[in-house]
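Visitor: The structure follows.
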Amino acid sequence: MRILLITVYSCLLCIGFRSFGQTDFNNYSPLQSRGEVPSMFIGKVHERLSERQREEQAIIVDEIEQALFAENIEYGIDRLLNSGLITYGDPISLYVNDVAQILLQDNTELKNELQFFTVRSNAVNAFSTHQGIIFVTTGLMAQLSCEADLAFILAHEIVHYQKSHVVKSFVHSRSVDFDEDWLLQMSTYSQDQEFEADEKAITIYQNAGYDKSKLTSAFDVLKFSHLPFDEIKVPFSYFSKDGLFIPESKYPNDDYEIEANDTDDEYSSHPGVSKRIKRVKSKSQNHGNWGDKVNTLGDSRFQEVRDIARYEWPRNNILSGNFSEAIYSIYLLEQERPNSMYLQRLKAQTWLALSNYNKSRSKFKDNAQGEVARVHDFLSRLTLFERTTVAIRMVYDIYKEYPNDDEISAIFLFMTESLAGNKKFDLNDYYDVSYDKALKLSENDSLTQKELAPEDEEEVLSKYDRIKKSQVKELDLEKLAENDFAEYLLWELKQDSIFQENLLYFESLISTDDSFANITEKQAKQVPNQVEFRDLHLGVERIVLLEPKPIIYSDAGIDNVRSEKFQEKLNGALSEGLSAAGLNGEILGSVNFDKNGTEEYNMRSMLYTSLLQNINSNYAVFPLDYGLLKDFKEKYNTAHVMLTFIEHEYDPVIPWGIIAGAAYVFPYFPVVASYVLPYSIIRGNYTRISFLVLNTETGQVECGQSKSYNESLSKWNLANHFYEYFYYLQIK
């Protein structure tokens, strides 16, 4: 299933009313697009190619290289725009656009050519494309110290666009083996191009009236882009609290050095930072009449936009599986808003993930720098049992503090269900008193374990005893040791009757025999469809189909144009399959953006996030966009979403040896040729259909399949297979 998830998602990837100063960070909602859908999100790429090729013909003389560039860059940008990572019309995009308007106040033509989008990523980067798109990451915005920093960075990217550096660097980059990050590689430049962009950006920056003293502060962002957005030590008390004892020996007191990122790599997008600073300072001496602008659009607006980017940071950490940095960034944000429910929910999400983090994924960054390295080291010093137990207790404590919050309650219930399915988890492994109480007991022989327990312990335990045998773990006070601290962390959960009853309930569900669990191989051969499709029996009455992205291969690789043109036929095959199976459904994707607009674009982006969350985990995950997913069911009247992926390749293997042998025996040649050739041609078709069904209520991928067929890529063949899938999805 995990391989299927990764395959599907990797192939999918291979402006509104402005209100400022009104963001409620205590109840923050993840960044979403606003306003009208930009035209480039809707149109067909192959329809733009010929025009783009003519534009670039004068720059790239070689027609073959020119055609390759035009096609690859256009389809690459299209995949990025529809990846779910891009937002438009949001507060960050609007702010970036307004700063650009200040920079280009005397260049109306260039202002009209450029568009600005936000990339939801902690990567600290901004890059331009030859179509006039400038992308700015939330990671970059989170690191800025003022508007002037952004102004110089944007001026730099504007020069790259003006000078067609992206196009010119195509030949420069052809020696690099393209991978999934090829779009970033296309935005890399030679040192001469970087220096030219810096020099001309000085003029744009100065003409806009920005402060000379802030000219090089943007380079500090680049130097320390490998660190989170602030540098504050997390105190040990943030983890070890009353009733949650953790030995201080587990918490590192080391001093963590910080080295500036000052690469000087030919292929780096920002080579030689120190060298660039020196050149910029030197070139700036040739300019006079500097302004004093720092935050032209206002201090409060800059702070708000930067805070928005910072509140996206831990969410991106969780999505990428970087849980230690998520904890650190949440701590940083809590210093200003300790009661933010958004942060508490993210904190519960992070510790929930760590409670499921198995041994194969327990390594944390060993090259981290600065204070975030302390959190990395702390988690890495804990054994798997200790870290899992600490995480369970952390989630429980957050739940106790906010028991009326729907999402936190759902997270706690989800953790309980996960523990019920974890064969390594057993409440018998834990004591029913805290470590501090056990320590007092060991120091005072007159006290008993019962006297140190809560007053209602007897009532709670008697209720639990009626459900399950007593789980009291006898104390051995002579062997009381700090290294056993984890065994004392869940004493409150052992007193919590609701938790215990829920745990037993989920255990009973898991132990229920599956009707196919004990099926024999002989029986499986007799009922192949029943066995093959048993996981599809979800009782679906209605389903939403995420628009599939077909990939058709040729000898030269992916045939982008043919793949895109086949999209309409594929959508038709899905519709016919739904109709034939009698299943209600609709397609959600760019085919409807011009009709349903930004709301549908945001919905699809959210679904891709849920898919990515499943991909990055080898365990069941709680949906990161829990609140938004609830809205999905209300809008579409179903919780089920199907993501389909189609691959096709035509590679016939004709047995010329057999045909040549038959030619020696003439009477057999026509017979052999008439059967062998058509058979080989037909068998040369390789079509692979993969799909996943996501339940938006749970955030879980409920089922999925990937099958190959030696069939041509026809609408009729695909519709038949879709009919079969949709038919079984309706069975309970």
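Residue numbering restarts at 1 for every chain of the structure tokens, chains are lettered A, B, ... in their displayed order, and ligands are numbered from 1 as they appear.
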Run DSSP on the backbone of this structure and report the residues of range 541-663 of chain A it assigns to strand (DSSP E), as a count of residues only.
Guide: 27
Visitor: Might you pull out every residue within 7 Å of Trp290 in chain A, with only C-alpha atoms counted and same-chain residues fewer than 3 positions away left off, and present them as a list in words?
Guide: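 After dropping sequence-adjacent residues, the list is Gln206, Gly209, Tyr210, Asp211 and Lys212 of chain A.
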Visitor: Store the residues picked out above, limited to C-alpha atoms, as a CSV table (one decimal), in the first residue's frame.
Guide:
```
chain,number,residue,atom,x,y,z
A,206,GLN,CA,17.1,52.1,-4.4
A,209,GLY,CA,13.2,54.4,-1.8
A,210,TYR,CA,14.3,51.5,0.5
A,211,ASP,CA,16.9,52.0,3.2
A,212,LYS,CA,20.5,51.4,2.2
```
Visitor: Excluding Phe224 in chain A and residues on its chain fewer than 4 positions from it, collect all residues at most 10 Å away from it, counting only C-alpha atoms, and give them as a list in words.
Guide: Val124, Gln143, Phe219, Asp220, Pro228, Phe229, Ile258, Glu259, Ala260, Asn261 and Asp262 of chain A
Visitor: Hey, can you spit out that residue selection with all heavy atoms as a PDB file, in the first residue's frame?
Guide:
```pdb
ATOM      1  N   VAL A 124      13.461  27.745   2.239  1.00  0.00           N
ATOM      2  CA  VAL A 124      13.639  29.197   2.159  1.00  0.00           C
ATOM      3  C   VAL A 124      14.089  29.532   0.752  1.00  0.00           C
ATOM      4  O   VAL A 124      15.259  29.390   0.402  1.00  0.00           O
ATOM      5  CB  VAL A 124      14.664  29.675   3.207  1.00  0.00           C
ATOM      6  CG1 VAL A 124      14.867  31.182   3.116  1.00  0.00           C
ATOM      7  CG2 VAL A 124      14.207  29.284   4.605  1.00  0.00           C
ATOM      8  N   GLN A 143      11.143  33.914   7.656  1.00  0.00           N
ATOM      9  CA  GLN A 143      12.494  34.250   8.110  1.00  0.00           C
ATOM     10  C   GLN A 143      12.831  35.730   7.976  1.00  0.00           C
ATOM     11  O   GLN A 143      13.844  36.179   8.498  1.00  0.00           O
ATOM     12  CB  GLN A 143      13.518  33.448   7.290  1.00  0.00           C
ATOM     13  CG  GLN A 143      13.393  31.941   7.409  1.00  0.00           C
ATOM     14  CD  GLN A 143      14.143  31.382   8.598  1.00  0.00           C
ATOM     15  OE1 GLN A 143      14.483  32.112   9.510  1.00  0.00           O
ATOM     16  NE2 GLN A 143      14.389  30.088   8.600  1.00  0.00           N
ATOM     17  N   PHE A 219      20.558  38.858   2.892  1.00  0.00           N
ATOM     18  CA  PHE A 219      21.537  37.774   2.789  1.00  0.00           C
ATOM     19  C   PHE A 219      21.669  37.001   4.099  1.00  0.00           C
ATOM     20  O   PHE A 219      22.095  35.847   4.101  1.00  0.00           O
ATOM     21  CB  PHE A 219      22.896  38.323   2.355  1.00  0.00           C
ATOM     22  CG  PHE A 219      22.913  38.807   0.935  1.00  0.00           C
ATOM     23  CD1 PHE A 219      22.831  40.160   0.637  1.00  0.00           C
ATOM     24  CD2 PHE A 219      22.990  37.910  -0.114  1.00  0.00           C
ATOM     25  CE1 PHE A 219      22.845  40.611  -0.665  1.00  0.00           C
ATOM     26  CE2 PHE A 219      23.000  38.349  -1.424  1.00  0.00           C
ATOM     27  CZ  PHE A 219      22.923  39.701  -1.704  1.00  0.00           C
ATOM     28  N   ASP A 220      21.333  37.650   5.226  1.00  0.00           N
ATOM     29  CA  ASP A 220      21.325  36.922   6.497  1.00  0.00           C
ATOM     30  C   ASP A 220      20.294  35.803   6.456  1.00  0.00           C
ATOM     31  O   ASP A 220      20.482  34.736   7.052  1.00  0.00           O
ATOM     32  CB  ASP A 220      21.017  37.872   7.656  1.00  0.00           C
ATOM     33  CG  ASP A 220      22.153  38.834   7.941  1.00  0.00           C
ATOM     34  OD1 ASP A 220      23.306  38.493   7.608  1.00  0.00           O
ATOM     35  OD2 ASP A 220      21.887  39.921   8.488  1.00  0.00           O
ATOM     36  N   PRO A 228      15.398  27.206  12.014  1.00  0.00           N
ATOM     37  CA  PRO A 228      14.023  27.710  12.125  1.00  0.00           C
ATOM     38  C   PRO A 228      14.013  29.234  12.212  1.00  0.00           C
ATOM     39  O   PRO A 228      15.059  29.881  12.258  1.00  0.00           O
ATOM     40  CB  PRO A 228      13.516  27.055  13.414  1.00  0.00           C
ATOM     41  CG  PRO A 228      14.366  25.840  13.585  1.00  0.00           C
ATOM     42  CD  PRO A 228      15.720  26.229  13.063  1.00  0.00           C
ATOM     43  N   PHE A 229      12.820  29.816  12.315  1.00  0.00           N
ATOM     44  CA  PHE A 229      12.667  31.262  12.193  1.00  0.00           C
ATOM     45  C   PHE A 229      13.072  32.042  13.438  1.00  0.00           C
ATOM     46  O   PHE A 229      13.047  33.277  13.429  1.00  0.00           O
ATOM     47  CB  PHE A 229      11.223  31.608  11.820  1.00  0.00           C
ATOM     48  CG  PHE A 229      10.188  30.975  12.709  1.00  0.00           C
ATOM     49  CD1 PHE A 229       9.868  31.526  13.933  1.00  0.00           C
ATOM     50  CD2 PHE A 229       9.544  29.816  12.310  1.00  0.00           C
ATOM     51  CE1 PHE A 229       8.926  30.942  14.753  1.00  0.00           C
ATOM     52  CE2 PHE A 229       8.587  29.226  13.126  1.00  0.00           C
ATOM     53  CZ  PHE A 229       8.269  29.787  14.353  1.00  0.00           C
ATOM     54  N   ILE A 258      26.530  27.223  15.498  1.00  0.00           N
ATOM     55  CA  ILE A 258      25.793  27.562  14.272  1.00  0.00           C
ATOM     56  C   ILE A 258      26.795  27.994  13.219  1.00  0.00           C
ATOM     57  O   ILE A 258      27.600  28.900  13.444  1.00  0.00           O
ATOM     58  CB  ILE A 258      24.776  28.691  14.532  1.00  0.00           C
ATOM     59  CG1 ILE A 258      23.707  28.234  15.518  1.00  0.00           C
ATOM     60  CG2 ILE A 258      24.130  29.138  13.222  1.00  0.00           C
ATOM     61  CD1 ILE A 258      22.725  29.314  15.893  1.00  0.00           C
ATOM     62  N   GLU A 259      26.758  27.331  12.093  1.00  0.00           N
ATOM     63  CA  GLU A 259      27.619  27.686  10.974  1.00  0.00           C
ATOM     64  C   GLU A 259      26.778  28.321   9.880  1.00  0.00           C
ATOM     65  O   GLU A 259      25.724  27.801   9.512  1.00  0.00           O
ATOM     66  CB  GLU A 259      28.334  26.447  10.430  1.00  0.00           C
ATOM     67  CG  GLU A 259      29.286  25.796  11.423  1.00  0.00           C
ATOM     68  CD  GLU A 259      29.986  24.589  10.824  1.00  0.00           C
ATOM     69  OE1 GLU A 259      29.764  24.329   9.612  1.00  0.00           O
ATOM     70  OE2 GLU A 259      30.723  23.901  11.550  1.00  0.00           O
ATOM     71  N   ALA A 260      27.252  29.438   9.357  1.00  0.00           N
ATOM     72  CA  ALA A 260      26.527  30.121   8.287  1.00  0.00           C
ATOM     73  C   ALA A 260      26.563  29.289   7.016  1.00  0.00           C
ATOM     74  O   ALA A 260      27.555  28.613   6.715  1.00  0.00           O
ATOM     75  CB  ALA A 260      27.143  31.498   8.029  1.00  0.00           C
ATOM     76  N   ASN A 261      25.468  29.313   6.286  1.00  0.00           N
ATOM     77  CA  ASN A 261      25.384  28.619   5.005  1.00  0.00           C
ATOM     78  C   ASN A 261      25.959  29.538   3.943  1.00  0.00           C
ATOM     79  O   ASN A 261      25.296  30.452   3.454  1.00  0.00           O
ATOM     80  CB  ASN A 261      23.918  28.290   4.698  1.00  0.00           C
ATOM     81  CG  ASN A 261      23.772  27.546   3.391  1.00  0.00           C
ATOM     82  OD1 ASN A 261      24.742  27.073   2.826  1.00  0.00           O
ATOM     83  ND2 ASN A 261      22.544  27.470   2.897  1.00  0.00           N
ATOM     84  N   ASP A 262      27.201  29.292   3.594  1.00  0.00           N
ATOM     85  CA  ASP A 262      27.896  30.186   2.663  1.00  0.00           C
ATOM     86  C   ASP A 262      28.487  29.377   1.515  1.00  0.00           C
ATOM     87  O   ASP A 262      29.678  29.414   1.244  1.00  0.00           O
ATOM     88  CB  ASP A 262      28.992  30.949   3.407  1.00  0.00           C
ATOM     89  CG  ASP A 262      29.525  32.117   2.590  1.00  0.00           C
ATOM     90  OD1 ASP A 262      28.848  32.522   1.635  1.00  0.00           O
ATOM     91  OD2 ASP A 262      30.624  32.609   2.913  1.00  0.00           O
TER      92      ASP A 262
END
```
Visitor: Ranking A:Asp397, A:Glu724, A:Glu492, A:Glu47 by minimum distance to Leu583 in chain A and counting only C-alpha atoms, which one comes first?
Guide: A:Glu724
Visitor: So which one's closest to Leu509 in chain A, A:Pro338, A:Glu194, A:Arg688, A:Glu417? Using only C-alpha atoms, please.
Guide: A:Glu417
Visitor: Could you find all residues in range 114-149 of chain A that DSSP calls alpha helix (DSSP H) from the backbone, and write them as a PyMOL selection string?
Guide: chain A and resi 138-143+147-149
Visitor: If you measure from CA of Gly243 in chain A to CA of Gln349 in chain A, what distance in Å do you get, rounded to one decimal?
Guide: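 Distance reported for this atom pair: 21.5 Å.
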Visitor: With distances taken over only C-alpha atoms, which of A:Gly699, A:Pro550, A:Gly572, A:Gly539 is nearest to Tyr727 in chain A?
Guide: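 Among the listed residues, the smallest separation from Tyr727 in chain A belongs to A:Gly539.
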Visitor: In Å, how far is it from CA of Lys241 in chain A to CA of Ala373 in chain A?
Guide: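 Taking CA of Lys241 in chain A and CA of Ala373 in chain A, their separation equals 21.3 Å.
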Visitor: Near range 710-721 of chain A, within 6 Å and counting only C-alpha atoms, which residues show up once chain neighbours fewer than 5 positions away are dropped, as a ChimeraX atom specification?
Guide: /A:573,576-577,683,685-686
Visitor: Using only C-alpha atoms, pick whichever of A:Thr638, A:Leu536, A:Tyr626, A:Leu215 has the shortest atom-to-atom distance to Glu702 in chain A.
Guide: A:Leu536
Visitor: To one decimal place, how far is CA of Leu382 in chain A from CA of Tyr328 in chain A in Å?
Guide: 16.7 Å
Visitor: Excluding Glu386 in chain A and its own-chain neighbours fewer than 6 positions away, which residues fall within 10 Å of it when counting only C-alpha atoms? Please give them as a compact mmCIF listing (two decimals) with N, CA and C atoms, in the first residue's frame.
Guide:
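Final output, result_32.txt:
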```
# COMPACT_ATOMS: atom_id res chain seq x y z
N ILE A 246 10.79 13.24 33.93
CA ILE A 246 11.79 12.79 32.96
C ILE A 246 13.16 13.14 33.56
N SER A 355 3.91 9.08 19.00
CA SER A 355 3.45 7.88 19.71
C SER A 355 3.34 6.69 18.76
N LEU A 379 14.94 13.94 21.86
CA LEU A 379 14.10 12.85 21.36
C LEU A 379 14.94 11.64 20.95
N ILE A 392 2.51 9.60 24.41
CA ILE A 392 1.16 9.25 24.85
C ILE A 392 0.73 10.17 25.99
N ASN A 483 16.10 5.45 35.28
CA ASN A 483 16.04 4.90 33.92
C ASN A 483 14.70 4.22 33.62
N ASP A 484 13.95 3.92 34.67
CA ASP A 484 12.64 3.30 34.48
C ASP A 484 11.51 4.34 34.52
N PHE A 485 11.86 5.61 34.31
CA PHE A 485 10.88 6.69 34.48
C PHE A 485 9.65 6.51 33.61
N ALA A 486 9.83 5.95 32.42
CA ALA A 486 8.70 5.84 31.48
C ALA A 486 7.60 4.95 32.03
N GLU A 487 7.95 3.99 32.88
CA GLU A 487 6.95 3.07 33.42
C GLU A 487 6.02 3.75 34.43
N LEU A 489 4.80 6.96 33.80
CA LEU A 489 4.20 8.12 33.13
C LEU A 489 2.71 7.98 32.86
```
Visitor: So which one's closest to Leu319 in chain A, A:Ser605, A:Ser380, A:Ser121, A:Asn112? Using only C-alpha atoms, please.
Guide: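 Once distances to Leu319 in chain A are computed over only C-alpha atoms, the minimum belongs to A:Ser121.
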Visitor: Counting only C-alpha atoms, which of A:Ile398, A:Val701, A:Ala201, A:Leu413 gets nearest to Ser617 in chain A?
Guide: A:Val701
Visitor: Write out as a short mmCIF file (atom, residue, chain, number, x, y, z; two decimals) with C-alpha atoms, in the first residue's frame the residues lying within 9 Å of Gln32 in chain A, counting only C-alpha atoms and excluding same-chain residues fewer than 2 positions away.
Guide:
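Result written to out_10.cif:
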```
data_model
loop_
_atom_site.label_atom_id
_atom_site.label_comp_id
_atom_site.auth_asym_id
_atom_site.auth_seq_id
_atom_site.Cartn_x
_atom_site.Cartn_y
_atom_site.Cartn_z
CA SER A 29 -6.85 28.27 9.79
CA PRO A 30 -4.28 26.99 7.26
CA ARG A 34 -8.84 33.47 -2.47
CA ILE A 86 0.39 26.75 -4.34
CA THR A 87 -1.92 29.47 -3.06
CA TYR A 88 -3.06 32.64 -4.80
CA GLY A 89 -4.93 35.69 -3.58
CA ASP A 90 -4.00 34.83 0.01
CA ASN A 602 -8.85 24.68 -2.14
CA SER A 605 -5.43 21.00 -2.40
#
```
